[in-house]
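With mmCIF, C-alpha atoms and all ligand atoms; chains and numbers go by the auth columns inside, this is start_18.cif:
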```cif
data_work
#
loop_
_atom_site.group_PDB
_atom_site.id
_atom_site.type_symbol
_atom_site.label_atom_id
_atom_site.label_comp_id
_atom_site.label_asym_id
_atom_site.label_seq_id
_atom_site.Cartn_x
_atom_site.Cartn_y
_atom_site.Cartn_z
_atom_site.B_iso_or_equiv
_atom_site.auth_seq_id
_atom_site.auth_asym_id
ATOM 1 C CA MET A 1 -31.149 -2.385 19.061 0.00 34 M
ATOM 2 C CA SER A 2 -28.257 -3.765 17.061 0.00 35 M
ATOM 3 C CA HIS A 3 -28.646 -3.201 13.327 0.00 36 M
ATOM 4 C CA GLY A 4 -26.623 -6.367 12.512 0.00 37 M
ATOM 5 C CA ILE A 5 -24.726 -4.736 9.685 0.00 38 M
ATOM 6 C CA GLU A 6 -21.057 -5.659 9.545 0.00 39 M
ATOM 7 C CA ARG A 7 -18.338 -4.921 7.107 0.00 40 M
ATOM 8 C CA ARG A 8 -15.844 -7.134 5.372 0.00 41 M
ATOM 9 C CA GLY A 9 -12.321 -5.650 5.571 0.00 42 M
ATOM 10 C CA LEU A 10 -10.748 -4.402 2.378 0.00 43 M
ATOM 11 C CA MET A 11 -7.204 -4.271 1.052 0.00 44 M
ATOM 12 C CA MET A 12 -6.026 -0.864 -0.103 0.00 45 M
ATOM 13 C CA VAL A 13 -2.894 -0.761 -2.243 0.00 46 M
ATOM 14 C CA LEU A 14 -0.724 2.318 -2.839 0.00 47 M
ATOM 15 C CA SER A 15 1.840 2.151 -5.637 0.00 48 M
ATOM 16 C CA SER A 16 4.002 4.836 -7.219 0.00 49 M
ATOM 17 C CA PRO A 17 7.463 5.432 -8.537 0.00 50 M
ATOM 18 C CA SER A 18 9.946 5.637 -5.665 0.00 51 M
ATOM 19 C CA GLY A 19 9.891 9.096 -4.059 0.00 52 M
ATOM 20 C CA ALA A 20 6.346 10.081 -5.081 0.00 53 M
ATOM 21 C CA GLY A 21 5.196 9.940 -1.458 0.00 54 M
ATOM 22 C CA LYS A 22 3.676 6.517 -0.622 0.00 55 M
ATOM 23 C CA THR A 23 5.426 6.172 2.727 0.00 56 M
ATOM 24 C CA THR A 24 4.495 9.703 3.827 0.00 57 M
ATOM 25 C CA ILE A 25 0.868 9.253 2.767 0.00 58 M
ATOM 26 C CA SER A 26 0.615 5.839 4.458 0.00 59 M
ATOM 27 C CA ARG A 27 1.947 7.127 7.788 0.00 60 M
ATOM 28 C CA LYS A 28 -0.495 10.053 7.861 0.00 61 M
ATOM 29 C CA LEU A 29 -3.402 7.884 6.826 0.00 62 M
ATOM 30 C CA LEU A 30 -2.723 5.369 9.599 0.00 63 M
ATOM 31 C CA GLN A 31 -2.844 8.195 12.166 0.00 64 M
ATOM 32 C CA SER A 32 -6.307 9.265 11.078 0.00 65 M
ATOM 33 C CA GLU A 33 -7.782 5.801 10.423 0.00 66 M
ATOM 34 C CA PRO A 34 -7.857 3.562 13.505 0.00 67 M
ATOM 35 C CA GLN A 35 -9.536 0.723 11.561 0.00 68 M
ATOM 36 C CA LEU A 36 -6.672 0.633 9.065 0.00 69 M
ATOM 37 C CA LYS A 37 -3.658 -1.593 9.605 0.00 70 M
ATOM 38 C CA MET A 38 -0.391 -1.412 7.665 0.00 71 M
ATOM 39 C CA SER A 39 0.933 -4.575 6.075 0.00 72 M
ATOM 40 C CA VAL A 40 4.642 -4.659 6.986 0.00 73 M
ATOM 41 C CA SER A 41 6.652 -6.323 4.224 0.00 74 M
ATOM 42 C CA VAL A 42 9.792 -8.404 4.447 0.00 75 M
ATOM 43 C CA THR A 43 12.751 -7.226 2.372 0.00 76 M
ATOM 44 C CA THR A 44 16.337 -8.201 1.648 0.00 77 M
ATOM 45 C CA ARG A 45 17.282 -4.519 1.193 0.00 78 M
ATOM 46 C CA PRO A 46 19.393 -2.991 3.996 0.00 79 M
ATOM 47 C CA PRO A 47 17.596 -0.560 6.348 0.00 80 M
ATOM 48 C CA ARG A 48 17.859 3.182 5.638 0.00 81 M
ATOM 49 C CA PRO A 49 18.876 5.487 8.481 0.00 82 M
ATOM 50 C CA GLY A 50 15.825 5.981 10.678 0.00 83 M
ATOM 51 C CA GLU A 51 13.980 2.901 9.447 0.00 84 M
ATOM 52 C CA VAL A 52 12.651 0.719 12.226 0.00 85 M
ATOM 53 C CA GLU A 53 12.525 -3.098 12.141 0.00 86 M
ATOM 54 C CA GLY A 54 8.901 -4.239 12.262 0.00 87 M
ATOM 55 C CA ARG A 55 7.508 -0.766 11.540 0.00 88 M
ATOM 56 C CA ASP A 56 8.960 -0.016 8.091 0.00 89 M
ATOM 57 C CA TYR A 57 9.993 -3.533 7.115 0.00 90 M
ATOM 58 C CA PHE A 58 11.167 -6.821 8.510 0.00 91 M
ATOM 59 C CA PHE A 59 14.752 -6.868 7.250 0.00 92 M
ATOM 60 C CA ILE A 60 15.757 -10.423 6.370 0.00 93 M
ATOM 61 C CA THR A 61 18.496 -12.290 4.494 0.00 94 M
ATOM 62 C CA PRO A 62 18.053 -13.733 0.989 0.00 95 M
ATOM 63 C CA GLU A 63 18.137 -17.219 2.600 0.00 96 M
ATOM 64 C CA GLN A 64 15.292 -16.349 4.970 0.00 97 M
ATOM 65 C CA PHE A 65 13.361 -14.853 2.055 0.00 98 M
ATOM 66 C CA GLY A 66 13.808 -18.048 0.024 0.00 99 M
ATOM 67 C CA LEU A 67 12.504 -20.107 2.946 0.00 100 M
ATOM 68 C CA MET A 68 9.383 -17.932 3.277 0.00 101 M
ATOM 69 C CA VAL A 69 8.682 -18.334 -0.455 0.00 102 M
ATOM 70 C CA ASN A 70 9.120 -22.131 -0.265 0.00 103 M
ATOM 71 C CA ARG A 71 6.861 -22.387 2.764 0.00 104 M
ATOM 72 C CA ARG A 72 4.239 -20.273 0.958 0.00 105 M
ATOM 73 C CA GLU A 73 4.239 -17.741 3.780 0.00 106 M
ATOM 74 C CA LEU A 74 3.995 -14.764 1.400 0.00 107 M
ATOM 75 C CA LEU A 75 0.774 -13.453 -0.118 0.00 108 M
ATOM 76 C CA GLU A 76 2.785 -11.970 -2.979 0.00 109 M
ATOM 77 C CA HIS A 77 6.426 -11.221 -3.657 0.00 110 M
ATOM 78 C CA ALA A 78 8.592 -9.476 -6.231 0.00 111 M
ATOM 79 C CA LYS A 79 12.086 -8.337 -7.048 0.00 112 M
ATOM 80 C CA VAL A 80 12.481 -4.534 -7.165 0.00 113 M
ATOM 81 C CA PHE A 81 15.822 -2.696 -7.650 0.00 114 M
ATOM 82 C CA SER A 82 17.671 -6.036 -7.267 0.00 115 M
ATOM 83 C CA ASN A 83 16.189 -6.621 -3.798 0.00 116 M
ATOM 84 C CA HIS A 84 13.385 -8.998 -2.839 0.00 117 M
ATOM 85 C CA TYR A 85 10.184 -7.803 -1.201 0.00 118 M
ATOM 86 C CA GLY A 86 7.163 -9.749 0.017 0.00 119 M
ATOM 87 C CA THR A 87 3.952 -9.531 2.047 0.00 120 M
ATOM 88 C CA PRO A 88 3.609 -11.983 4.967 0.00 121 M
ATOM 89 C CA LYS A 89 0.231 -13.746 4.809 0.00 122 M
ATOM 90 C CA GLY A 90 -0.575 -14.169 8.507 0.00 123 M
ATOM 91 C CA PRO A 91 -1.063 -10.555 9.686 0.00 124 M
ATOM 92 C CA VAL A 92 -3.203 -9.701 6.648 0.00 125 M
ATOM 93 C CA ALA A 93 -5.537 -12.655 7.209 0.00 126 M
ATOM 94 C CA GLU A 94 -5.842 -11.790 10.936 0.00 127 M
ATOM 95 C CA ALA A 95 -6.689 -8.130 10.292 0.00 128 M
ATOM 96 C CA LEU A 96 -9.274 -8.945 7.620 0.00 129 M
ATOM 97 C CA ALA A 97 -10.890 -11.561 9.869 0.00 130 M
ATOM 98 C CA LEU A 98 -11.354 -8.835 12.503 0.00 131 M
ATOM 99 C CA GLY A 99 -13.085 -6.611 9.925 0.00 132 M
ATOM 100 C CA ARG A 100 -10.106 -4.263 9.684 0.00 133 M
ATOM 101 C CA ASP A 101 -8.805 -2.785 6.451 0.00 134 M
ATOM 102 C CA VAL A 102 -5.215 -3.379 5.384 0.00 135 M
ATOM 103 C CA LEU A 103 -2.932 -0.878 3.652 0.00 136 M
ATOM 104 C CA PHE A 104 -0.178 -2.089 1.305 0.00 137 M
ATOM 105 C CA ASP A 105 2.804 -0.132 -0.034 0.00 138 M
ATOM 106 C CA ILE A 106 3.770 -2.511 -2.844 0.00 139 M
ATOM 107 C CA ASP A 107 4.781 -2.259 -6.491 0.00 140 M
ATOM 108 C CA TRP A 108 2.774 -3.097 -9.630 0.00 141 M
ATOM 109 C CA GLN A 109 3.954 -6.728 -9.669 0.00 142 M
ATOM 110 C CA GLY A 110 2.632 -7.304 -6.152 0.00 143 M
ATOM 111 C CA THR A 111 -0.588 -5.465 -6.948 0.00 144 M
ATOM 112 C CA GLN A 112 -1.237 -7.762 -9.911 0.00 145 M
ATOM 113 C CA GLN A 113 -0.748 -10.824 -7.683 0.00 146 M
ATOM 114 C CA LEU A 114 -3.099 -9.466 -4.991 0.00 147 M
ATOM 115 C CA VAL A 115 -5.768 -8.655 -7.558 0.00 148 M
ATOM 116 C CA GLU A 116 -5.475 -12.178 -8.977 0.00 149 M
ATOM 117 C CA HIS A 117 -6.032 -13.708 -5.514 0.00 150 M
ATOM 118 C CA ALA A 118 -8.652 -11.371 -4.128 0.00 151 M
ATOM 119 C CA ARG A 119 -10.057 -9.086 -6.823 0.00 152 M
ATOM 120 C CA GLU A 120 -13.269 -8.268 -4.910 0.00 153 M
ATOM 121 C CA ASP A 121 -11.429 -7.103 -1.809 0.00 154 M
ATOM 122 C CA VAL A 122 -8.633 -5.044 -3.405 0.00 155 M
ATOM 123 C CA ILE A 123 -8.753 -1.311 -4.127 0.00 156 M
ATOM 124 C CA SER A 124 -5.680 -0.017 -5.913 0.00 157 M
ATOM 125 C CA ILE A 125 -4.444 3.570 -5.991 0.00 158 M
ATOM 126 C CA PHE A 126 -1.584 4.856 -8.117 0.00 159 M
ATOM 127 C CA ILE A 127 0.208 7.938 -6.785 0.00 160 M
ATOM 128 C CA LEU A 128 1.778 10.231 -9.390 0.00 161 M
ATOM 129 C CA PRO A 129 4.352 12.957 -8.710 0.00 162 M
ATOM 130 C CA PRO A 130 3.567 16.410 -10.186 0.00 163 M
ATOM 131 C CA SER A 131 6.667 16.277 -12.448 0.00 164 M
ATOM 132 C CA THR A 132 9.900 14.377 -13.066 0.00 165 M
ATOM 133 C CA ARG A 133 11.878 17.278 -11.632 0.00 166 M
ATOM 134 C CA GLU A 134 9.867 17.266 -8.439 0.00 167 M
ATOM 135 C CA LEU A 135 10.245 13.479 -8.173 0.00 168 M
ATOM 136 C CA GLU A 136 14.029 13.813 -8.368 0.00 169 M
ATOM 137 C CA ARG A 137 13.963 16.691 -5.872 0.00 170 M
ATOM 138 C CA ARG A 138 12.014 14.528 -3.402 0.00 171 M
ATOM 139 C CA LEU A 139 14.361 11.581 -3.847 0.00 172 M
ATOM 140 C CA ARG A 140 17.404 13.800 -3.245 0.00 173 M
ATOM 141 C CA GLN A 141 15.831 15.667 -0.367 0.00 174 M
ATOM 142 C CA ARG A 142 15.060 12.389 1.375 0.00 175 M
ATOM 143 C CA ALA A 143 18.866 12.083 1.350 0.00 176 M
ATOM 144 C CA GLN A 144 18.832 8.585 2.705 0.00 177 M
ATOM 145 C CA ASP A 145 20.025 6.848 -0.404 0.00 178 M
ATOM 146 C CA PRO A 146 23.460 7.217 -2.017 0.00 179 M
ATOM 147 C CA ALA A 147 23.567 9.158 -5.333 0.00 180 M
ATOM 148 C CA ASP A 148 23.770 6.005 -7.464 0.00 181 M
ATOM 149 C CA VAL A 149 20.674 4.618 -5.753 0.00 182 M
ATOM 150 C CA VAL A 150 18.783 7.867 -6.487 0.00 183 M
ATOM 151 C CA ALA A 151 19.861 7.587 -10.147 0.00 184 M
ATOM 152 C CA ALA A 152 18.700 3.951 -10.315 0.00 185 M
ATOM 153 C CA ARG A 153 15.319 4.860 -8.809 0.00 186 M
ATOM 154 C CA MET A 154 14.872 7.718 -11.303 0.00 187 M
ATOM 155 C CA ALA A 155 15.727 5.350 -14.159 0.00 188 M
ATOM 156 C CA LYS A 156 13.011 2.932 -12.953 0.00 189 M
ATOM 157 C CA ALA A 157 10.373 5.639 -12.467 0.00 190 M
ATOM 158 C CA SER A 158 9.177 5.570 -16.061 0.00 191 M
ATOM 159 C CA ASP A 159 8.754 1.758 -15.940 0.00 192 M
ATOM 160 C CA GLU A 160 6.712 1.927 -12.748 0.00 193 M
ATOM 161 C CA ILE A 161 4.561 4.790 -14.086 0.00 194 M
ATOM 162 C CA SER A 162 3.821 2.760 -17.227 0.00 195 M
ATOM 163 C CA HIS A 163 1.490 0.608 -15.077 0.00 196 M
ATOM 164 C CA TRP A 164 -0.754 3.508 -14.008 0.00 197 M
ATOM 165 C CA ALA A 165 -3.731 2.352 -16.056 0.00 198 M
ATOM 166 C CA GLU A 166 -3.934 -0.990 -14.191 0.00 199 M
ATOM 167 C CA TYR A 167 -5.097 0.841 -11.049 0.00 200 M
ATOM 168 C CA ASP A 168 -8.635 1.718 -9.895 0.00 201 M
ATOM 169 C CA TYR A 169 -7.703 5.266 -8.842 0.00 202 M
ATOM 170 C CA VAL A 170 -4.962 7.741 -9.743 0.00 203 M
ATOM 171 C CA VAL A 171 -4.017 10.544 -7.339 0.00 204 M
ATOM 172 C CA LEU A 172 -1.570 13.332 -8.117 0.00 205 M
ATOM 173 C CA ASN A 173 0.485 14.025 -4.989 0.00 206 M
ATOM 174 C CA GLU A 174 1.234 17.735 -5.285 0.00 207 M
ATOM 175 C CA ASP A 175 -0.171 19.159 -2.073 0.00 208 M
ATOM 176 C CA LEU A 176 0.141 16.543 0.687 0.00 209 M
ATOM 177 C CA GLU A 177 -2.963 17.624 2.629 0.00 210 M
ATOM 178 C CA LYS A 178 -5.091 17.486 -0.515 0.00 211 M
ATOM 179 C CA THR A 179 -3.699 14.077 -1.429 0.00 212 M
ATOM 180 C CA LEU A 180 -4.541 12.770 2.031 0.00 213 M
ATOM 181 C CA LEU A 181 -8.115 14.003 1.787 0.00 214 M
ATOM 182 C CA GLN A 182 -8.466 12.337 -1.600 0.00 215 M
ATOM 183 C CA VAL A 183 -7.108 8.995 -0.399 0.00 216 M
ATOM 184 C CA GLN A 184 -9.341 9.162 2.692 0.00 217 M
ATOM 185 C CA SER A 185 -12.350 9.844 0.472 0.00 218 M
ATOM 186 C CA ILE A 186 -11.588 6.763 -1.611 0.00 219 M
ATOM 187 C CA LEU A 187 -11.309 4.611 1.526 0.00 220 M
ATOM 188 C CA HIS A 188 -14.502 5.979 3.058 0.00 221 M
ATOM 189 C CA ALA A 189 -16.515 5.504 -0.127 0.00 222 M
ATOM 190 C CA GLU A 190 -15.174 1.993 -0.764 0.00 223 M
ATOM 191 C CA ARG A 191 -16.149 0.944 2.772 0.00 224 M
ATOM 192 C CA LEU A 192 -19.758 1.714 1.890 0.00 225 M
ATOM 193 C CA ARG A 193 -19.876 -0.576 -1.138 0.00 226 M
ATOM 194 C CA ARG A 194 -22.935 -2.762 -0.866 0.00 227 M
ATOM 195 C CA ARG A 195 -21.034 -6.021 -1.244 0.00 228 M
ATOM 196 C CA ARG A 196 -18.732 -5.121 1.647 0.00 229 M
ATOM 197 C CA GLN A 197 -21.615 -4.695 4.087 0.00 230 M
ATOM 198 C CA THR A 198 -22.827 -8.056 5.315 0.00 231 M
ATOM 199 C CA GLY A 199 -26.215 -8.375 6.988 0.00 232 M
ATOM 200 C CA LEU A 200 -27.595 -5.513 4.926 0.00 233 M
ATOM 201 C CA GLY A 201 -30.262 -7.719 3.274 0.00 234 M
ATOM 202 C CA ASP A 202 -31.672 -8.802 6.645 0.00 235 M
ATOM 203 C CA PHE A 203 -31.565 -5.251 7.976 0.00 236 M
ATOM 204 C CA VAL A 204 -33.470 -3.891 4.987 0.00 237 M
ATOM 205 C CA LYS A 205 -35.999 -6.714 5.281 0.00 238 M
ATOM 206 C CA ARG A 206 -36.658 -5.802 8.923 0.00 239 M
ATOM 207 C CA LEU A 207 -36.954 -2.136 7.929 0.00 240 M
ATOM 208 C CA ARG A 208 -39.488 -2.964 5.242 0.00 241 M
ATOM 209 C CA ASP A 209 -41.415 -5.244 7.581 0.00 242 M
ATOM 210 C CA GLY A 210 -41.586 -2.368 10.036 0.00 243 M
ATOM 211 C CA VAL A 211 -39.732 -4.320 12.752 0.00 244 M
HETATM 212 N N1 LIG B . 5.628 -6.494 -4.544 0.00 301 M
HETATM 213 C C1 LIG B . 6.053 -5.884 -3.442 0.00 301 M
HETATM 214 N N2 LIG B . 6.605 -4.675 -3.525 0.00 301 M
HETATM 215 C C2 LIG B . 6.991 -4.069 -2.372 0.00 301 M
HETATM 216 C C3 LIG B . 6.815 -4.671 -1.098 0.00 301 M
HETATM 217 N N3 LIG B . 7.284 -3.820 -0.171 0.00 301 M
HETATM 218 C C4 LIG B . 7.730 -2.729 -0.821 0.00 301 M
HETATM 219 N N4 LIG B . 7.556 -2.859 -2.157 0.00 301 M
HETATM 220 C C5 LIG B . 7.867 -1.903 -3.226 0.00 301 M
HETATM 221 O O1 LIG B . 9.266 -1.908 -3.470 0.00 301 M
HETATM 222 C C6 LIG B . 9.649 -0.642 -3.966 0.00 301 M
HETATM 223 C C7 LIG B . 10.882 -0.146 -3.253 0.00 301 M
HETATM 224 O O2 LIG B . 10.582 0.102 -1.897 0.00 301 M
HETATM 225 P P1 LIG B . 11.637 0.822 -0.964 0.00 301 M
HETATM 226 O O3 LIG B . 12.976 0.183 -1.139 0.00 301 M
HETATM 227 O O4 LIG B . 11.110 0.882 0.431 0.00 301 M
HETATM 228 O O5 LIG B . 11.711 2.269 -1.561 0.00 301 M
HETATM 229 P P2 LIG B . 10.568 3.373 -1.737 0.00 301 M
HETATM 230 O O6 LIG B . 10.136 3.277 -3.165 0.00 301 M
HETATM 231 O O7 LIG B . 11.277 4.604 -1.425 0.00 301 M
HETATM 232 O O8 LIG B . 9.438 3.055 -0.797 0.00 301 M
HETATM 233 C C8 LIG B . 8.422 0.272 -3.815 0.00 301 M
HETATM 234 O O9 LIG B . 7.794 0.359 -5.082 0.00 301 M
HETATM 235 C C9 LIG B . 7.553 -0.475 -2.840 0.00 301 M
HETATM 236 O O10 LIG B . 6.188 -0.191 -3.049 0.00 301 M
HETATM 237 C C10 LIG B . 6.215 -5.964 -1.056 0.00 301 M
HETATM 238 O O11 LIG B . 6.015 -6.570 -0.006 0.00 301 M
HETATM 239 N N5 LIG B . 5.847 -6.510 -2.247 0.00 301 M
HETATM 240 N N1 LIG B . 3.132 16.314 -1.441 0.00 302 M
HETATM 241 C C1 LIG B . 4.449 16.415 -1.147 0.00 302 M
HETATM 242 N N2 LIG B . 5.077 17.580 -1.293 0.00 302 M
HETATM 243 C C2 LIG B . 6.409 17.689 -1.011 0.00 302 M
HETATM 244 N N3 LIG B . 7.194 16.699 -0.566 0.00 302 M
HETATM 245 C C3 LIG B . 6.618 15.494 -0.399 0.00 302 M
HETATM 246 C C4 LIG B . 5.227 15.282 -0.676 0.00 302 M
HETATM 247 N N4 LIG B . 4.938 13.994 -0.413 0.00 302 M
HETATM 248 C C5 LIG B . 6.085 13.420 0.009 0.00 302 M
HETATM 249 N N5 LIG B . 7.110 14.324 0.030 0.00 302 M
HETATM 250 C C6 LIG B . 8.525 14.094 0.399 0.00 302 M
HETATM 251 O O1 LIG B . 9.131 13.364 -0.661 0.00 302 M
HETATM 252 C C7 LIG B . 10.096 12.436 -0.151 0.00 302 M
HETATM 253 C C8 LIG B . 9.755 11.031 -0.665 0.00 302 M
HETATM 254 O O2 LIG B . 8.546 10.605 -0.044 0.00 302 M
HETATM 255 P P1 LIG B . 8.303 9.084 0.435 0.00 302 M
HETATM 256 O O3 LIG B . 7.040 9.095 1.186 0.00 302 M
HETATM 257 O O4 LIG B . 9.542 8.561 1.105 0.00 302 M
HETATM 258 O O5 LIG B . 8.124 8.397 -1.004 0.00 302 M
HETATM 259 P P2 LIG B . 7.980 6.853 -1.426 0.00 302 M
HETATM 260 O O6 LIG B . 7.573 6.078 -0.204 0.00 302 M
HETATM 261 O O7 LIG B . 6.940 6.853 -2.503 0.00 302 M
HETATM 262 O O8 LIG B . 9.339 6.459 -1.942 0.00 302 M
HETATM 263 C C9 LIG B . 10.068 12.559 1.368 0.00 302 M
HETATM 264 O O9 LIG B . 11.151 13.372 1.776 0.00 302 M
HETATM 265 C C10 LIG B . 8.717 13.234 1.646 0.00 302 M
HETATM 266 O O10 LIG B . 8.778 14.031 2.803 0.00 302 M
#
```
What does this structure look like when you write it as structure tokens?
Amino acid sequence: MSHGIERRGLMMVLSSPSGAGKTTISRKLLQSEPQLKMSVSVTTRPPRPGEVEGRDYFFITPEQFGLMVNRRELLEHAKVFSNHYGTPKGPVAEALALGRDVLFDIDWQGTQQLVEHAREDVISIFILPPSTRELERRLRQRAQDPADVVAARMAKASDEISHWAEYDYVVLNEDLEKTLLQVQSILHAERLRRRRQTGLGDFVKRLRDGV
């Protein structure tokens, strides 16, 4: 017999200073969570070596970005490191309608906009690096950005970190496997929130009636 319990999809946001590990964590999480779909942002920043159009970002021109903003095709958008970034509305709405969860790798400005629009459905996680030195080591080791870009990202790290207290959860990304387990635990627990499970009232009523 069908229990009739369904779940409303949720939006899980990961933010951190650049280099703390959001992209790595997101990729691993998507492998282990078939119900989770990544929101692929549009950006005016040029692709890094190895980045794939449509997987990492949709790389667009400032003119195209302006058009998307005017047509209200973005759920949120922000300027970060002198480039524009935004979340296309359509794919998010489709995934949520199918009861899927959506993962966002966006900054604090975008997180604030999402929370304003859909507070009940957003879970936000801030990822911290274990130290400033380790953050710089990770940025350098990634070796995909020129030295001046690494310096600019380090200079912005403190600003980004200053928003940590606006998030529901804070995870220190020291050991990657441990971080993954922690983020998975958050997702699994949040899925069980009473308000996210529709049909629960009817199910419990049938249980109590002995049906
Ligand atoms: N608000 C907003 N921020 C985004 C979006 N996509 C990416 N970002 C953020 O922009 C910042 C720079 O991203 P990126 O250039 O890929 O470098 P990263 O920090 O190494 O991931 C990061 O903080 C991302 O989380 C988006 O669609 N909206
Ligand atoms: N827990 C970790 N320990 C060591 N290195 C890590 C860890 N997490 C991520 N990294 C490495 O740090 C670099 C930056 O990670 P990335 O996921 O690109 O960060 P972000 O998306 O936040 O900018 C990458 O080279 C990645 O392999």
Quiz item: Do you know which residues are at most 9 Å from Ile139 (chain M) counting only C-alpha atoms, after dropping those on the same chain fewer than 6 positions away, and could you put them as a PyMOL selection string?
Solution: chain M and resi 46-49+74+118-120
Quiz prompt | Test item: residues at most 6 Å from Pro50 (chain M), all atoms listed in the file, excluding those fewer than 3 positions along its chain, as a PyMOL selection string | solution = chain M and resi 53+190+193
Practice problem: Counting only C-alpha atoms and all ligand atoms, name the residues that have an atom within 9 Å of an atom of ligand LIG 302 (chain M); the answer should be given as a ChimeraX atom specification. | Solution: /M:47-60,138,160,162-163,167-168,170-176,205-212
Taking all atoms of region 67-86 of chain M that the file lists and extending 6 Å past them on each side, where is the centre of the axis-aligned box and how long are its edges? Answer in Å to one decimal, as JSON.
```
{"center_x": 4.9, "center_y": -1.2, "center_z": 7.3, "size_x": 40.9, "size_y": 26.4, "size_z": 24.3}
```
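In this model, the gap between CA of Leu43 (chain M) and CA of Gly87 (chain M) comes to 22.0 Å.
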Exercise. Find the residues with any atom within 12 Å of (-11.8, 8.2, -1.1); use only C-alpha atoms and the coordinates as given in the file, and write the answer as a ChimeraX atom specification.
Key: /M:45,62,156-158,201-204,211-226
Quiz item: Of the residues M:Met187, M:Ala130, M:Ala180, M:Ile38, which is the one nearest to ligand LIG 301 (chain M), using only C-alpha atoms and all ligand atoms?
Solution: M:Met187
Quiz prompt | Straight-line distance linking CA of His117 (chain M) with CA of Arg104 (chain M), stated in Å to one decimal | solution = 15.9 Å
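Taking only C-alpha atoms and all ligand atoms into account, ligand LIG 301 (chain M) lies nearest to M:Ala111 out of the set M:Val148, M:Ala111, M:Leu100, M:Ile194.
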Practice problem: Determine the residue membership of the PyMOL selection byres (((chain M and resi 141) around 9) and not hetatm) for the file above and supply it as a PyMOL selection string. | Solution: chain M and resi 48-49+139-140+142-146+193+196-197+199-200
Can you pull out every residue within 12 Å of Val237 (chain M), counting all atoms listed in the file, but drop anything in the same chain fewer than 5 positions away, and send it as a PDB file with C-alpha atoms, in the coordinates of the input?
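part.pdb was written with the following content:
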```pdb
ATOM      1  CA  HIS M  36     -28.646  -3.201  13.327  1.00  0.00           C
ATOM      2  CA  GLY M  37     -26.623  -6.367  12.512  1.00  0.00           C
ATOM      3  CA  ILE M  38     -24.726  -4.736   9.685  1.00  0.00           C
ATOM      4  CA  GLN M 230     -21.615  -4.695   4.087  1.00  0.00           C
ATOM      5  CA  THR M 231     -22.827  -8.056   5.315  1.00  0.00           C
ATOM      6  CA  GLY M 232     -26.215  -8.375   6.988  1.00  0.00           C
ATOM      7  CA  ASP M 242     -41.415  -5.244   7.581  1.00  0.00           C
ATOM      8  CA  GLY M 243     -41.586  -2.368  10.036  1.00  0.00           C
ATOM      9  CA  VAL M 244     -39.732  -4.320  12.752  1.00  0.00           C
TER      10      VAL M 244
END
```
